[in-house]
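Containing PDB, C-alpha atoms, pLDDT in the B column: model-v8.pdb.
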```pdb
ATOM      1  CA  MET A 181      12.115 -10.228  -3.293  1.00 95.00           C
ATOM      2  CA  ALA A 182       8.796 -11.922  -2.636  1.00 98.00           C
ATOM      3  CA  THR A 183       5.633 -10.791  -4.392  1.00 98.00           C
ATOM      4  CA  CYS A 184       1.951 -11.587  -4.530  1.00 98.00           C
ATOM      5  CA  LYS A 185      -0.995 -10.234  -6.468  1.00 97.00           C
ATOM      6  CA  ALA A 186      -4.172  -9.215  -4.648  1.00 96.00           C
ATOM      7  CA  SER A 187      -7.643  -9.785  -6.064  1.00 95.00           C
ATOM      8  CA  ASN A 188      -7.923  -6.068  -6.929  1.00 95.00           C
ATOM      9  CA  GLY A 189      -4.859  -6.337  -9.185  1.00 97.00           C
ATOM     10  CA  ASP A 190      -2.373  -4.654  -6.848  1.00 98.00           C
ATOM     11  CA  THR A 191       1.028  -6.291  -6.462  1.00 98.00           C
ATOM     12  CA  TRP A 192       2.645  -6.438  -3.034  1.00 98.00           C
ATOM     13  CA  GLU A 193       6.428  -6.672  -2.785  1.00 98.00           C
ATOM     14  CA  ILE A 194       8.413  -7.743   0.282  1.00 98.00           C
ATOM     15  CA  TYR A 195      12.114  -6.980  -0.033  1.00 98.00           C
ATOM     16  CA  GLN A 196      15.253  -6.499   2.028  1.00 98.00           C
ATOM     17  CA  THR A 197      17.559  -3.476   1.955  1.00 97.00           C
ATOM     18  CA  ASN A 198      20.568  -2.953   4.209  1.00 96.00           C
ATOM     19  CA  GLY A 199      19.501  -5.862   6.415  1.00 97.00           C
ATOM     20  CA  GLN A 200      15.975  -4.545   6.972  1.00 98.00           C
ATOM     21  CA  TRP A 201      12.689  -5.729   5.482  1.00 98.00           C
ATOM     22  CA  HIS A 202      10.289  -3.378   3.677  1.00 98.00           C
ATOM     23  CA  TRP A 203       7.049  -3.688   1.717  1.00 98.00           C
ATOM     24  CA  ARG A 204       5.522  -1.710  -1.109  1.00 98.00           C
ATOM     25  CA  ARG A 205       2.224  -1.853  -2.962  1.00 98.00           C
ATOM     26  CA  ARG A 206       2.021  -1.303  -6.718  1.00 98.00           C
ATOM     27  CA  ALA A 207      -1.163  -0.492  -8.628  1.00 98.00           C
ATOM     28  CA  PRO A 208      -1.900  -2.422 -11.844  1.00 98.00           C
ATOM     29  CA  ASN A 209      -0.323   0.432 -13.845  1.00 98.00           C
ATOM     30  CA  GLY A 210       2.978  -0.045 -11.963  1.00 98.00           C
ATOM     31  CA  ASN A 211       2.790   3.064  -9.781  1.00 98.00           C
ATOM     32  CA  ILE A 212       3.762   2.664  -6.133  1.00 98.00           C
ATOM     33  CA  VAL A 213       0.667   3.494  -4.091  1.00 98.00           C
ATOM     34  CA  GLY A 214       1.904   2.475  -0.653  1.00 98.00           C
ATOM     35  CA  ALA A 215       5.102   1.569   1.167  1.00 98.00           C
ATOM     36  CA  SER A 216       6.380   0.822   4.643  1.00 98.00           C
ATOM     37  CA  THR A 217       7.580   3.893   6.490  1.00 95.00           C
ATOM     38  CA  GLU A 218      10.212   1.950   8.413  1.00 97.00           C
ATOM     39  CA  GLY A 219      12.396  -1.114   8.052  1.00 98.00           C
ATOM     40  CA  TYR A 220      11.810  -4.303  10.046  1.00 98.00           C
ATOM     41  CA  HIS A 221      14.418  -6.682  11.452  1.00 98.00           C
ATOM     42  CA  ASN A 222      12.121  -9.676  10.903  1.00 98.00           C
ATOM     43  CA  ARG A 223      10.387 -10.578   7.657  1.00 98.00           C
ATOM     44  CA  SER A 224       7.336 -11.725   9.597  1.00 97.00           C
ATOM     45  CA  ASP A 225       6.975  -8.296  11.257  1.00 98.00           C
ATOM     46  CA  CYS A 226       7.132  -6.655   7.833  1.00 98.00           C
ATOM     47  CA  ILE A 227       4.426  -8.958   6.460  1.00 98.00           C
ATOM     48  CA  ALA A 228       2.256  -8.333   9.531  1.00 98.00           C
ATOM     49  CA  ASN A 229       2.514  -4.578   8.947  1.00 98.00           C
ATOM     50  CA  ALA A 230       1.670  -4.996   5.254  1.00 98.00           C
ATOM     51  CA  ARG A 231      -1.424  -7.003   6.244  1.00 98.00           C
ATOM     52  CA  ARG A 232      -2.501  -4.211   8.595  1.00 97.00           C
ATOM     53  CA  ASN A 233      -2.219  -1.906   5.584  1.00 97.00           C
ATOM     54  CA  GLY A 234      -4.428  -4.026   3.331  1.00 97.00           C
ATOM     55  CA  MET A 235      -2.352  -6.934   1.961  1.00 98.00           C
ATOM     56  CA  THR A 236      -4.622  -9.954   1.543  1.00 96.00           C
ATOM     57  CA  CYS A 237      -2.379 -12.234  -0.535  1.00 97.00           C
ATOM     58  CA  ASP A 238       0.548 -14.423   0.590  1.00 96.00           C
ATOM     59  CA  PRO A 239       3.988 -13.366  -0.715  1.00 96.00           C
ATOM     60  CA  VAL A 240       6.125 -16.152  -2.106  1.00 93.00           C
TER      61      VAL A 240
END
```

How does the structure come out when it is put into structure tokens?
Amino acid sequence: MATCKASNGDTWEIYQTNGQWHWRRRAPNGNIVGASTEGYHNRSDCIANARRNGMTCDPV
């Protein structure tokens, strides 16, 4: 799993399940406040979708 922390305190997670990439966004209190609605074959496509949904940091 790759994560990064945005300037607003949210943590973005990029992870793989069953061969597909997903993202989720966690608020500072740990609650999930956003997630991908589909899996992606390529990690880069998943990150691009997360960026379209507000991710401003770079997952490592």

| field | Spatial neighbours of A:Gln196, 8 Å, only C-alpha atoms, chain gap at least 5 places, as a ChimeraX atom specification | value | /A:181,201-202

| said: I want to know what sits within 12 Å of A:Cys184, based on only C-alpha atoms, with residues of the same chain fewer than 4 positions away left out; could you give that as a list in words? | reply: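 Listed by chain and then number, they are Asn188, Gly189, Asp190, Thr191, Trp192, Glu193, Ile194, Trp203, Arg204, Arg205, Arg206, Ile227, Ala230, Met235, Thr236, Cys237, Asp238, Pro239 and Val240 of chain A.
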
Based on the selection just made, write C-alpha atoms of those residues as a JSON list (two decimals), in the coordinates of the input.
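Saved result, result-v1.json, follows:
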```json
[["chain", "number", "residue", "atom", "x", "y", "z"],
["A", 188, "ASN", "CA", -7.92, -6.07, -6.93],
["A", 189, "GLY", "CA", -4.86, -6.34, -9.18],
["A", 190, "ASP", "CA", -2.37, -4.65, -6.85],
["A", 191, "THR", "CA", 1.03, -6.29, -6.46],
["A", 192, "TRP", "CA", 2.64, -6.44, -3.03],
["A", 193, "GLU", "CA", 6.43, -6.67, -2.78],
["A", 194, "ILE", "CA", 8.41, -7.74, 0.28],
["A", 203, "TRP", "CA", 7.05, -3.69, 1.72],
["A", 204, "ARG", "CA", 5.52, -1.71, -1.11],
["A", 205, "ARG", "CA", 2.22, -1.85, -2.96],
["A", 206, "ARG", "CA", 2.02, -1.30, -6.72],
["A", 227, "ILE", "CA", 4.43, -8.96, 6.46],
["A", 230, "ALA", "CA", 1.67, -5.00, 5.25],
["A", 235, "MET", "CA", -2.35, -6.93, 1.96],
["A", 236, "THR", "CA", -4.62, -9.95, 1.54],
["A", 237, "CYS", "CA", -2.38, -12.23, -0.54],
["A", 238, "ASP", "CA", 0.55, -14.42, 0.59],
["A", 239, "PRO", "CA", 3.99, -13.37, -0.72],
["A", 240, "VAL", "CA", 6.12, -16.15, -2.11]]
```

| Between atom CA of A:Gly199 and atom CA of A:Gly214, distance in Å (one decimal) |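 Interatomic distance, atom CA of A:Gly199 to atom CA of A:Gly214: 20.7 Å.
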
| message | For a cutoff of 12 Å around the file-coordinate point (14.2, -6.6, 12.5), which residues qualify once you count all atoms listed in the file? I'd like the result as a PyMOL selection string. | response | chain A and resi 196-202+218-227

| message | Can you measure atom CA of A:Arg232 to atom CA of A:Asn209 for me? One decimal in Å is fine. | response | 23.0 Å

I need chain A written out with C-alpha atoms, as a compact mmCIF listing (two decimals), in the first residue's frame; please produce it.
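This went into result_17.txt:
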```
# COMPACT_ATOMS: atom_id res chain seq x y z
CA MET A 181 0.00 0.00 0.00
CA ALA A 182 1.18 3.49 -0.84
CA THR A 183 0.02 6.50 1.16
CA CYS A 184 0.41 10.24 1.26
CA LYS A 185 -0.92 13.00 3.47
CA ALA A 186 -2.57 16.06 1.92
CA SER A 187 -2.16 19.56 3.31
CA ASN A 188 -5.69 19.41 4.79
CA GLY A 189 -4.72 16.38 6.89
CA ASP A 190 -6.48 13.73 4.79
CA THR A 191 -4.56 10.54 4.06
CA TRP A 192 -4.81 8.98 0.61
CA GLU A 193 -4.20 5.25 0.23
CA ILE A 194 -3.44 3.42 -3.02
CA TYR A 195 -3.72 -0.35 -2.68
CA GLN A 196 -4.19 -3.50 -4.71
CA THR A 197 -6.88 -6.14 -4.21
CA ASN A 198 -7.44 -9.17 -6.42
CA GLY A 199 -5.07 -7.77 -9.05
CA GLN A 200 -6.85 -4.41 -9.29
CA TRP A 201 -5.80 -1.02 -7.93
CA HIS A 202 -8.07 1.08 -5.70
CA TRP A 203 -7.80 4.33 -3.74
CA ARG A 204 -9.44 5.60 -0.58
CA ARG A 205 -9.36 8.88 1.30
CA ARG A 206 -9.30 8.99 5.10
CA ALA A 207 -10.13 12.05 7.20
CA PRO A 208 -7.78 12.98 10.08
CA ASN A 209 -10.07 11.07 12.48
CA GLY A 210 -9.55 7.86 10.46
CA ASN A 211 -12.98 7.71 8.82
CA ILE A 212 -13.09 6.81 5.13
CA VAL A 213 -14.58 9.81 3.34
CA GLY A 214 -14.02 8.72 -0.25
CA ALA A 215 -13.08 5.66 -2.28
CA SER A 216 -12.78 4.50 -5.86
CA THR A 217 -15.96 2.97 -7.21
CA GLU A 218 -14.09 0.59 -9.49
CA GLY A 219 -10.78 -1.24 -9.70
CA TYR A 220 -8.06 -0.28 -12.17
CA HIS A 221 -5.67 -2.59 -14.02
CA ASN A 222 -2.90 0.03 -13.91
CA ARG A 223 -1.67 1.83 -10.81
CA SER A 224 -1.20 5.01 -12.83
CA ASP A 225 -4.88 4.99 -13.90
CA CYS A 226 -5.90 4.62 -10.26
CA ILE A 227 -3.72 7.56 -9.21
CA ALA A 228 -5.08 9.67 -12.08
CA ASN A 229 -8.63 8.98 -10.89
CA ALA A 230 -7.70 9.84 -7.30
CA ARG A 231 -6.24 13.15 -8.53
CA ARG A 232 -9.49 13.92 -10.36
CA ASN A 233 -11.22 13.36 -7.02
CA GLY A 234 -9.01 15.78 -5.09
CA MET A 235 -5.70 14.04 -4.27
CA THR A 236 -2.93 16.63 -4.29
CA CYS A 237 -0.10 14.65 -2.68
CA ASP A 238 2.18 12.00 -4.22
CA PRO A 239 1.75 8.45 -2.85
CA VAL A 240 4.94 6.63 -1.99
```
